[in-house]
$ cat run.cif   # mmCIF, C-alpha atoms, pLDDT in the B column; chains and numbers go by the auth columns
data_my_file
loop_
_atom_site.group_PDB
_atom_site.id
_atom_site.type_symbol
_atom_site.label_atom_id
_atom_site.label_comp_id
_atom_site.label_asym_id
_atom_site.label_seq_id
_atom_site.Cartn_x
_atom_site.Cartn_y
_atom_site.Cartn_z
_atom_site.B_iso_or_equiv
_atom_site.auth_seq_id
_atom_site.auth_asym_id
ATOM 1 C CA MET A 1 -7.998 0.014 -18.827 45.00 1 C
ATOM 2 C CA ARG A 2 -4.273 0.038 -19.576 43.00 2 C
ATOM 3 C CA ARG A 3 -2.381 2.408 -21.861 45.00 3 C
ATOM 4 C CA PHE A 4 1.372 2.739 -22.267 41.00 4 C
ATOM 5 C CA LEU A 5 4.016 5.304 -23.114 40.00 5 C
ATOM 6 C CA PRO A 6 7.632 4.417 -24.054 35.00 6 C
ATOM 7 C CA LEU A 7 9.198 1.864 -21.714 36.00 7 C
ATOM 8 C CA LEU A 8 12.757 1.199 -20.521 31.00 8 C
ATOM 9 C CA MET A 9 13.096 1.042 -16.444 31.00 9 C
ATOM 10 C CA LEU A 10 14.459 0.699 -8.751 30.00 10 C
ATOM 11 C CA LEU A 11 11.603 1.326 -6.982 33.00 11 C
ATOM 12 C CA ALA A 12 11.064 4.480 -5.011 36.00 12 C
ATOM 13 C CA GLY A 13 8.483 6.344 -3.011 41.00 13 C
ATOM 14 C CA CYS A 14 5.104 7.056 -4.394 53.00 14 C
ATOM 15 C CA SER A 15 2.977 10.113 -4.038 43.00 15 C
ATOM 16 C CA VAL A 16 -0.675 10.882 -3.583 42.00 16 C
ATOM 17 C CA ALA A 17 -0.210 14.415 -4.781 41.00 17 C
ATOM 18 C CA GLN A 18 -1.544 15.371 -8.163 40.00 18 C
ATOM 19 C CA PRO A 19 1.416 15.841 -10.533 39.00 19 C
ATOM 20 C CA PRO A 20 0.827 16.272 -14.254 40.00 20 C
ATOM 21 C CA VAL A 21 0.093 12.992 -16.013 39.00 21 C
ATOM 22 C CA PRO A 22 1.196 12.467 -19.617 38.00 22 C
ATOM 23 C CA GLN A 23 -1.254 11.431 -22.283 38.00 23 C
ATOM 24 C CA PRO A 24 -1.290 7.641 -22.723 36.00 24 C
ATOM 25 C CA LEU A 25 0.138 6.409 -26.012 32.00 25 C
ATOM 26 C CA PRO A 26 0.913 3.014 -27.574 32.00 26 C
ATOM 27 C CA VAL A 27 4.161 1.266 -26.688 33.00 27 C
ATOM 28 C CA PRO A 28 6.961 2.007 -29.163 29.00 28 C
ATOM 29 C CA GLN A 29 9.992 -0.162 -29.781 30.00 29 C
ATOM 30 C CA ILE A 30 12.442 -0.313 -26.896 30.00 30 C
ATOM 31 C CA VAL A 31 15.960 0.973 -27.446 31.00 31 C
ATOM 32 C CA GLN A 32 18.788 -0.636 -25.480 31.00 32 C
ATOM 33 C CA PRO A 33 20.281 2.043 -23.182 33.00 33 C
ATOM 34 C CA ALA A 34 24.028 2.565 -22.991 34.00 34 C
ATOM 35 C CA ALA A 35 24.172 1.371 -19.375 36.00 35 C
ATOM 36 C CA PHE A 36 21.696 -1.138 -18.069 35.00 36 C
ATOM 37 C CA SER A 37 23.666 -2.394 -15.069 44.00 37 C
ATOM 38 C CA GLY A 38 21.669 -4.302 -12.487 59.00 38 C
ATOM 39 C CA ARG A 39 18.489 -4.239 -14.517 73.00 39 C
ATOM 40 C CA VAL A 40 16.621 -6.870 -16.441 81.00 40 C
ATOM 41 C CA ASP A 41 16.859 -6.525 -20.200 86.00 41 C
ATOM 42 C CA PRO A 42 14.373 -4.064 -21.779 87.00 42 C
ATOM 43 C CA THR A 43 12.281 -6.729 -23.489 91.00 43 C
ATOM 44 C CA THR A 44 11.797 -8.620 -20.237 93.00 44 C
ATOM 45 C CA ALA A 45 11.000 -5.375 -18.428 93.00 45 C
ATOM 46 C CA VAL A 46 8.216 -4.577 -20.886 93.00 46 C
ATOM 47 C CA ARG A 47 6.838 -8.112 -20.810 95.00 47 C
ATOM 48 C CA ASN A 48 6.845 -8.141 -17.011 96.00 48 C
ATOM 49 C CA PHE A 49 4.990 -4.839 -16.848 96.00 49 C
ATOM 50 C CA ILE A 50 2.357 -5.845 -19.384 96.00 50 C
ATOM 51 C CA SER A 51 1.844 -9.235 -17.735 96.00 51 C
ATOM 52 C CA VAL A 52 1.438 -7.700 -14.276 97.00 52 C
ATOM 53 C CA THR A 53 -0.998 -4.984 -15.364 96.00 53 C
ATOM 54 C CA ASP A 54 -3.092 -7.471 -17.343 96.00 54 C
ATOM 55 C CA ARG A 55 -3.367 -9.735 -14.320 96.00 55 C
ATOM 56 C CA MET A 56 -3.655 -7.096 -11.601 96.00 56 C
ATOM 57 C CA GLU A 57 -6.079 -4.620 -13.132 96.00 57 C
ATOM 58 C CA PRO A 58 -9.243 -6.756 -12.818 95.00 58 C
ATOM 59 C CA MET A 59 -8.307 -7.593 -9.221 94.00 59 C
ATOM 60 C CA LEU A 60 -7.734 -3.921 -8.410 96.00 60 C
ATOM 61 C CA GLU A 61 -11.093 -2.924 -9.807 96.00 61 C
ATOM 62 C CA ARG A 62 -12.917 -5.711 -7.968 95.00 62 C
ATOM 63 C CA GLU A 63 -11.208 -4.808 -4.696 95.00 63 C
ATOM 64 C CA CYS A 64 -12.028 -1.145 -5.225 95.00 64 C
ATOM 65 C CA ALA A 65 -15.694 -1.864 -5.910 96.00 65 C
ATOM 66 C CA ALA A 66 -15.932 -4.138 -2.864 95.00 66 C
ATOM 67 C CA ARG A 67 -14.330 -1.635 -0.485 93.00 67 C
ATOM 68 C CA SER A 68 -15.870 1.643 -1.617 89.00 68 C
ATOM 69 C CA VAL A 69 -19.171 3.267 -2.526 89.00 69 C
ATOM 70 C CA GLY A 70 -19.609 5.792 -5.308 90.00 70 C
ATOM 71 C CA VAL A 71 -15.924 5.707 -6.213 92.00 71 C
ATOM 72 C CA ASN A 72 -14.627 5.495 -9.776 95.00 72 C
ATOM 73 C CA CYS A 73 -12.806 2.153 -9.956 96.00 73 C
ATOM 74 C CA ASP A 74 -11.902 2.277 -13.650 96.00 74 C
ATOM 75 C CA PHE A 75 -8.120 2.461 -13.248 97.00 75 C
ATOM 76 C CA LEU A 76 -6.001 3.870 -16.049 96.00 76 C
ATOM 77 C CA ILE A 77 -2.401 2.655 -15.912 96.00 77 C
ATOM 78 C CA VAL A 78 0.167 4.728 -17.772 95.00 78 C
ATOM 79 C CA VAL A 79 3.911 5.049 -18.138 95.00 79 C
ATOM 80 C CA ASP A 80 5.474 8.448 -17.523 92.00 80 C
ATOM 81 C CA ASP A 81 8.149 8.752 -20.212 90.00 81 C
ATOM 82 C CA ARG A 82 9.228 12.315 -19.463 90.00 82 C
ATOM 83 C CA PRO A 83 13.039 12.470 -19.790 89.00 83 C
ATOM 84 C CA GLY A 84 15.075 12.345 -16.612 89.00 84 C
ATOM 85 C CA ARG A 85 12.252 11.231 -14.334 90.00 85 C
ATOM 86 C CA PRO A 86 13.605 9.240 -11.364 89.00 86 C
ATOM 87 C CA PRO A 87 12.354 5.770 -10.410 89.00 87 C
ATOM 88 C CA ASN A 88 8.864 6.419 -9.050 90.00 88 C
ATOM 89 C CA ALA A 89 5.193 5.511 -9.168 92.00 89 C
ATOM 90 C CA PHE A 90 2.261 7.660 -8.164 92.00 90 C
ATOM 91 C CA GLN A 91 -1.501 7.681 -8.044 91.00 91 C
ATOM 92 C CA THR A 92 -3.562 10.663 -9.098 90.00 92 C
ATOM 93 C CA LEU A 93 -6.949 11.553 -10.578 90.00 93 C
ATOM 94 C CA ASP A 94 -7.905 13.086 -13.892 92.00 94 C
ATOM 95 C CA GLU A 95 -10.371 15.977 -14.151 90.00 95 C
ATOM 96 C CA ALA A 96 -13.306 13.568 -14.210 91.00 96 C
ATOM 97 C CA GLY A 97 -12.130 11.783 -11.065 90.00 97 C
ATOM 98 C CA ARG A 98 -10.807 8.706 -12.848 94.00 98 C
ATOM 99 C CA PRO A 99 -7.934 7.041 -10.941 95.00 99 C
ATOM 100 C CA ILE A 100 -4.598 7.062 -12.752 96.00 100 C
ATOM 101 C CA ILE A 101 -1.552 5.038 -11.751 96.00 101 C
ATOM 102 C CA ALA A 102 1.690 6.110 -13.392 95.00 102 C
ATOM 103 C CA PHE A 103 5.057 4.357 -13.465 95.00 103 C
ATOM 104 C CA THR A 104 8.196 6.105 -14.591 94.00 104 C
ATOM 105 C CA VAL A 105 10.367 4.392 -17.167 93.00 105 C
ATOM 106 C CA ALA A 106 13.206 4.080 -14.635 91.00 106 C
ATOM 107 C CA LEU A 107 11.013 2.230 -12.166 93.00 107 C
ATOM 108 C CA ILE A 108 9.862 -0.421 -14.605 94.00 108 C
ATOM 109 C CA GLY A 109 13.348 -1.137 -15.908 91.00 109 C
ATOM 110 C CA GLU A 110 14.914 -1.609 -12.500 89.00 110 C
ATOM 111 C CA ALA A 111 12.201 -3.776 -10.976 93.00 111 C
ATOM 112 C CA GLN A 112 13.796 -7.168 -10.493 93.00 112 C
ATOM 113 C CA ASN A 113 10.702 -9.285 -11.060 95.00 113 C
ATOM 114 C CA GLN A 114 6.931 -9.283 -11.528 96.00 114 C
ATOM 115 C CA ASP A 115 6.321 -9.550 -7.775 97.00 115 C
ATOM 116 C CA GLU A 116 7.894 -6.130 -7.260 96.00 116 C
ATOM 117 C CA LEU A 117 5.824 -4.549 -10.015 96.00 117 C
ATOM 118 C CA ALA A 118 2.648 -6.164 -8.669 97.00 118 C
ATOM 119 C CA PHE A 119 3.327 -4.931 -5.139 96.00 119 C
ATOM 120 C CA VAL A 120 3.940 -1.357 -6.315 95.00 120 C
ATOM 121 C CA LEU A 121 0.835 -1.416 -8.500 97.00 121 C
ATOM 122 C CA GLY A 122 -1.253 -2.725 -5.610 96.00 122 C
ATOM 123 C CA HIS A 123 0.211 -0.091 -3.292 94.00 123 C
ATOM 124 C CA GLU A 124 -0.628 2.775 -5.651 94.00 124 C
ATOM 125 C CA ALA A 125 -4.154 1.495 -6.269 96.00 125 C
ATOM 126 C CA ALA A 126 -4.613 1.220 -2.505 95.00 126 C
ATOM 127 C CA HIS A 127 -4.140 4.976 -2.181 92.00 127 C
ATOM 128 C CA HIS A 128 -7.229 5.463 -4.335 94.00 128 C
ATOM 129 C CA ILE A 129 -9.260 2.668 -2.768 94.00 129 C
ATOM 130 C CA ALA A 130 -8.551 4.081 0.716 91.00 130 C
ATOM 131 C CA GLY A 131 -9.432 7.614 -0.371 87.00 131 C
ATOM 132 C CA HIS A 132 -6.066 9.094 0.488 78.00 132 C
ATOM 133 C CA ILE A 133 -6.135 12.014 -1.961 76.00 133 C
ATOM 134 C CA PRO A 134 -9.290 13.656 -0.540 69.00 134 C
ATOM 135 C CA ARG A 135 -8.063 12.944 2.996 70.00 135 C
ATOM 136 C CA VAL A 136 -4.736 14.638 2.245 63.00 136 C
ATOM 137 C CA GLN A 137 -6.524 17.595 0.676 65.00 137 C
ATOM 138 C CA GLU A 138 -8.802 17.976 3.694 65.00 138 C
ATOM 139 C CA SER A 139 -5.880 17.816 6.105 60.00 139 C
ATOM 140 C CA ALA A 140 -3.930 20.353 4.042 59.00 140 C
ATOM 141 C CA LEU A 141 -6.905 22.738 4.045 68.00 141 C
ATOM 142 C CA GLN A 142 -7.280 22.428 7.803 60.00 142 C
ATOM 143 C CA GLY A 143 -3.564 23.122 8.282 56.00 143 C
ATOM 144 C CA ALA A 144 -3.718 26.171 6.039 63.00 144 C
ATOM 145 C CA LEU A 145 -6.727 27.562 7.909 69.00 145 C
ATOM 146 C CA ILE A 146 -5.185 27.022 11.344 71.00 146 C
ATOM 147 C CA PHE A 147 -1.769 28.466 10.497 62.00 147 C
ATOM 148 C CA GLY A 148 -3.278 31.344 8.545 64.00 148 C
ATOM 149 C CA THR A 149 -5.657 32.222 11.369 74.00 149 C
ATOM 150 C CA LEU A 150 -2.858 32.187 13.939 70.00 150 C
ATOM 151 C CA ALA A 151 -0.715 34.442 11.761 68.00 151 C
ATOM 152 C CA SER A 152 -3.621 36.818 11.212 72.00 152 C
ATOM 153 C CA LEU A 153 -4.455 37.005 14.918 72.00 153 C
ATOM 154 C CA GLY A 154 -0.804 37.738 15.592 75.00 154 C
ATOM 155 C CA GLY A 155 -0.989 40.829 13.408 77.00 155 C
ATOM 156 C CA GLY A 156 0.862 39.370 10.453 74.00 156 C
ATOM 157 C CA THR A 157 0.988 41.066 7.067 83.00 157 C
ATOM 158 C CA GLN A 158 -0.827 39.651 4.054 77.00 158 C
ATOM 159 C CA ALA A 159 2.431 38.109 2.850 81.00 159 C
ATOM 160 C CA SER A 160 3.177 36.517 6.216 78.00 160 C
ATOM 161 C CA VAL A 161 -0.355 35.160 6.503 69.00 161 C
ATOM 162 C CA GLN A 162 -0.048 33.623 3.042 76.00 162 C
ATOM 163 C CA ALA A 163 3.313 32.096 3.960 78.00 163 C
ATOM 164 C CA ALA A 164 1.757 30.673 7.133 67.00 164 C
ATOM 165 C CA GLN A 165 -1.094 29.198 5.117 71.00 165 C
ATOM 166 C CA GLU A 166 1.346 27.533 2.744 72.00 166 C
ATOM 167 C CA LEU A 167 3.341 26.118 5.639 69.00 167 C
ATOM 168 C CA GLY A 168 0.148 24.927 7.305 59.00 168 C
ATOM 169 C CA ALA A 169 -0.953 23.215 4.114 60.00 169 C
ATOM 170 C CA THR A 170 2.385 21.397 3.899 61.00 170 C
ATOM 171 C CA VAL A 171 2.240 20.309 7.521 58.00 171 C
ATOM 172 C CA GLY A 172 -1.385 19.240 7.141 53.00 172 C
ATOM 173 C CA ALA A 173 -0.733 17.288 3.965 53.00 173 C
ATOM 174 C CA ARG A 174 2.123 15.383 5.572 59.00 174 C
ATOM 175 C CA ARG A 175 0.361 14.825 8.874 55.00 175 C
ATOM 176 C CA PHE A 176 -0.931 11.417 7.858 60.00 176 C
ATOM 177 C CA SER A 177 1.422 10.652 4.963 76.00 177 C
ATOM 178 C CA GLN A 178 3.402 7.923 6.736 81.00 178 C
ATOM 179 C CA GLU A 179 0.195 6.367 8.063 83.00 179 C
ATOM 180 C CA PHE A 180 -1.240 6.369 4.542 86.00 180 C
ATOM 181 C CA GLU A 181 1.879 4.735 3.131 89.00 181 C
ATOM 182 C CA LEU A 182 1.675 1.881 5.634 92.00 182 C
ATOM 183 C CA GLU A 183 -2.044 1.535 5.001 92.00 183 C
ATOM 184 C CA ALA A 184 -1.370 1.307 1.263 93.00 184 C
ATOM 185 C CA ASP A 185 1.401 -1.244 1.881 94.00 185 C
ATOM 186 C CA ALA A 186 -1.049 -3.467 3.761 96.00 186 C
ATOM 187 C CA LEU A 187 -3.832 -3.236 1.184 95.00 187 C
ATOM 188 C CA GLY A 188 -1.352 -3.545 -1.676 95.00 188 C
ATOM 189 C CA THR A 189 -0.100 -6.756 -0.081 97.00 189 C
ATOM 190 C CA ILE A 190 -3.627 -8.154 0.024 96.00 190 C
ATOM 191 C CA VAL A 191 -4.377 -7.344 -3.603 96.00 191 C
ATOM 192 C CA ALA A 192 -1.056 -8.653 -4.938 96.00 192 C
ATOM 193 C CA PHE A 193 -1.412 -11.852 -2.901 96.00 193 C
ATOM 194 C CA ARG A 194 -4.933 -12.460 -4.185 95.00 194 C
ATOM 195 C CA ALA A 195 -3.686 -11.962 -7.725 95.00 195 C
ATOM 196 C CA GLY A 196 -1.166 -14.762 -7.214 95.00 196 C
ATOM 197 C CA TYR A 197 2.003 -12.755 -6.539 97.00 197 C
ATOM 198 C CA ASP A 198 4.413 -12.935 -3.594 96.00 198 C
ATOM 199 C CA PRO A 199 4.209 -9.535 -1.808 95.00 199 C
ATOM 200 C CA GLU A 200 7.097 -10.381 0.538 95.00 200 C
ATOM 201 C CA ARG A 201 9.346 -10.951 -2.430 95.00 201 C
ATOM 202 C CA GLY A 202 7.881 -7.847 -4.024 95.00 202 C
ATOM 203 C CA ALA A 203 8.736 -5.731 -0.978 93.00 203 C
ATOM 204 C CA GLU A 204 12.399 -6.687 -1.230 91.00 204 C
ATOM 205 C CA PHE A 205 12.934 -3.458 -3.167 85.00 205 C
ATOM 206 C CA PHE A 206 12.856 -1.692 0.213 85.00 206 C
ATOM 207 C CA THR A 207 16.295 -3.240 0.823 85.00 207 C
ATOM 208 C CA ARG A 208 17.649 -1.482 -2.300 83.00 208 C
ATOM 209 C CA ILE A 209 16.460 2.085 -1.764 78.00 209 C
ATOM 210 C CA PRO A 210 17.591 4.786 0.680 74.00 210 C
ATOM 211 C CA ASP A 211 15.905 4.563 4.077 74.00 211 C
ATOM 212 C CA PRO A 212 13.939 7.747 4.880 70.00 212 C
ATOM 213 C CA GLY A 213 14.371 6.995 8.587 62.00 213 C
ATOM 214 C CA GLU A 214 12.299 8.619 11.300 54.00 214 C
ATOM 215 C CA SER A 215 11.020 12.096 10.486 50.00 215 C
ATOM 216 C CA PHE A 216 7.946 13.851 11.849 45.00 216 C
ATOM 217 C CA LEU A 217 7.151 15.513 8.530 45.00 217 C
ATOM 218 C CA GLY A 218 8.719 12.858 6.345 47.00 218 C
ATOM 219 C CA SER A 219 6.464 11.588 3.579 57.00 219 C
ATOM 220 C CA HIS A 220 7.462 7.943 3.955 67.00 220 C
ATOM 221 C CA PRO A 221 8.016 5.683 6.979 80.00 221 C
ATOM 222 C CA PRO A 222 11.256 3.743 7.604 87.00 222 C
ATOM 223 C CA ASN A 223 11.796 0.852 5.210 88.00 223 C
ATOM 224 C CA ALA A 224 11.934 -1.649 8.091 90.00 224 C
ATOM 225 C CA ALA A 225 8.471 -0.574 9.247 91.00 225 C
ATOM 226 C CA ARG A 226 7.089 -1.076 5.744 92.00 226 C
ATOM 227 C CA ILE A 227 8.583 -4.545 5.448 93.00 227 C
ATOM 228 C CA GLN A 228 7.101 -5.464 8.837 94.00 228 C
ATOM 229 C CA VAL A 229 3.635 -4.369 7.668 95.00 229 C
ATOM 230 C CA VAL A 230 3.929 -6.513 4.550 96.00 230 C
ATOM 231 C CA GLN A 231 5.072 -9.548 6.553 96.00 231 C
ATOM 232 C CA ALA A 232 2.352 -9.125 9.200 96.00 232 C
ATOM 233 C CA THR A 233 -0.378 -8.692 6.576 96.00 233 C
ATOM 234 C CA LEU A 234 0.859 -11.689 4.643 93.00 234 C
ATOM 235 C CA ALA A 235 0.953 -13.826 7.798 93.00 235 C
ATOM 236 C CA GLY A 236 -2.702 -12.971 8.404 90.00 236 C
ATOM 237 C CA LEU A 237 -3.612 -13.923 4.837 89.00 237 C
ATOM 238 C CA ARG A 238 -1.819 -17.238 5.165 86.00 238 C
ATOM 239 C CA GLY A 239 -3.418 -17.946 8.525 79.00 239 C
ATOM 240 C CA PHE A 240 -0.388 -17.909 10.803 65.00 240 C
#
$ encode --input "run.cif" --output "structure tokens"
Amino acid sequence: MRRFLPLLMLLAGCSVAQPPVPQPLPVPQIVQPAAFSGRVDPTTAVRNFISVTDRMEPMLERECAARSVGVNCDFLIVVDDRPGRPPNAFQTLDEAGRPIIAFTVALIGEAQNQDELAFVLGHEAAHHIAGHIPRVQESALQGALIFGTLASLGGGTQASVQAAQELGATVGARRFSQEFELEADALGTIVAFRAGYDPERGAEFFTRIPDPGESFLGSHPPNAARIQVVQATLAGLRGF
């Protein structure tokens, strides 16, 4: 099911955390921004987004049903129109466990083509299909328990134990974050390809965003590594 908020819209990192998700509303009329340098025009941006979600959603739900058991595959796609939000997309769950994929206005407007939007949509859906949110939560809990226990055994105060638990949760949550991103890139490539899009062209946005580089606790892997995953997955799909 697709719902929209106001549209206008670079592609950036996603998140499998659970940020607040705005209530879905109908699409209002687009207003031409003062500066729209390097972006497609607003009307094209909206049309591209609607076309991609219409075409991708059934494929996402079929892929989800085929790869999971007992998982809610009824995706709700929304646009986050909160003012000042940077280019981003994220996957989260509502209180009933329904998967939500949100795009910020900035992301949609700066996507250069439908292939980029399809790749990002497939990537975000892959986080849900692969069960990344519960895996992140479990890892965060384990980190909090380990760090908290060590601080407690070391004679720490209640405040220091709590601080250790928070640090442990952060470390635990990020332990597999880069692995999850690459896993979502691979599955997102498969879904976008099966829907008729070109994931390699879609992944070209990695050449336009800052490279996170190598970082042990970084949330995203280097852009070059992500492009390599897309190319390798696509080569397998094409049979060479």
$ resolve_selection --input "run.cif" --expression "the PyMOL selection byres ((chain C and resi 101-110) around 7)" --output "compact mmCIF listing (two decimals) with C-alpha atoms, in the frame of the given file"
# COMPACT_ATOMS: atom_id res chain seq x y z
CA LEU C 7 9.20 1.86 -21.71
CA LEU C 8 12.76 1.20 -20.52
CA MET C 9 13.10 1.04 -16.44
CA LEU C 10 14.46 0.70 -8.75
CA LEU C 11 11.60 1.33 -6.98
CA ARG C 39 18.49 -4.24 -14.52
CA VAL C 40 16.62 -6.87 -16.44
CA PRO C 42 14.37 -4.06 -21.78
CA ALA C 45 11.00 -5.38 -18.43
CA PHE C 49 4.99 -4.84 -16.85
CA LEU C 76 -6.00 3.87 -16.05
CA ILE C 77 -2.40 2.66 -15.91
CA VAL C 78 0.17 4.73 -17.77
CA VAL C 79 3.91 5.05 -18.14
CA ASP C 80 5.47 8.45 -17.52
CA ASP C 81 8.15 8.75 -20.21
CA ARG C 85 12.25 11.23 -14.33
CA PRO C 86 13.60 9.24 -11.36
CA PRO C 87 12.35 5.77 -10.41
CA ASN C 88 8.86 6.42 -9.05
CA ALA C 89 5.19 5.51 -9.17
CA PHE C 90 2.26 7.66 -8.16
CA GLN C 91 -1.50 7.68 -8.04
CA THR C 92 -3.56 10.66 -9.10
CA PRO C 99 -7.93 7.04 -10.94
CA ILE C 100 -4.60 7.06 -12.75
CA ALA C 111 12.20 -3.78 -10.98
CA GLN C 112 13.80 -7.17 -10.49
CA GLU C 124 -0.63 2.78 -5.65
$ closest_residue --input "run.cif" --among "C:Glu179, C:Ala159, C:Gln114, C:Gln228" --to "Arg135 (chain C)" --atoms "all atoms listed in the file"
C:Glu179
$ atom_distance --input "run.cif" --atom1 "CA of Glu166 (chain C)" --atom2 "CA of Ala126 (chain C)"
27.5 Å
$ resolve_selection --input "run.cif" --expression "the PyMOL selection byres ((chain C and resi 234) around 9)" --output "PyMOL selection string"
chain C and resi 186+189-190+193+199-200+229-233+235-240
$ residues_around --input "run.cif" --residues "Ala195 (chain C)" --least-positions-apart "6" --cutoff "12 Å" --atoms "only C-alpha atoms" --output "number ranges by chain"
C: 51-63, 114-115, 118-119, 121-122, 188-189
$ atom_distance --input "run.cif" --atom1 "CA of Arg208 (chain C)" --atom2 "CA of Asp185 (chain C)"
16.8 Å
$ residues_near_point --input "run.cif" --point "(-9.8, 2.0, -8.2)" --cutoff "7 Å" --atoms "only C-alpha atoms" --output "JSON, numbers by chain"
{"C": [60, 61, 64, 72, 73, 74, 75, 99, 125, 128, 129]}
$ atom_distance --input "run.cif" --atom1 "CA of His127 (chain C)" --atom2 "CA of Gln165 (chain C)"
25.5 Å
$ closest_residue --input "run.cif" --among "C:Ser177, C:Asn113, C:Thr157, C:Ser152" --to "Ile133 (chain C)" --atoms "all atoms listed in the file"
C:Ser177
$ residues_near_point --input "run.cif" --point "(10.1, 2.3, 7.9)" --cutoff "10 Å" --atoms "all atoms listed in the file" --output "PyMOL selection string"
chain C and resi 178+181-182+206+211-214+220-229
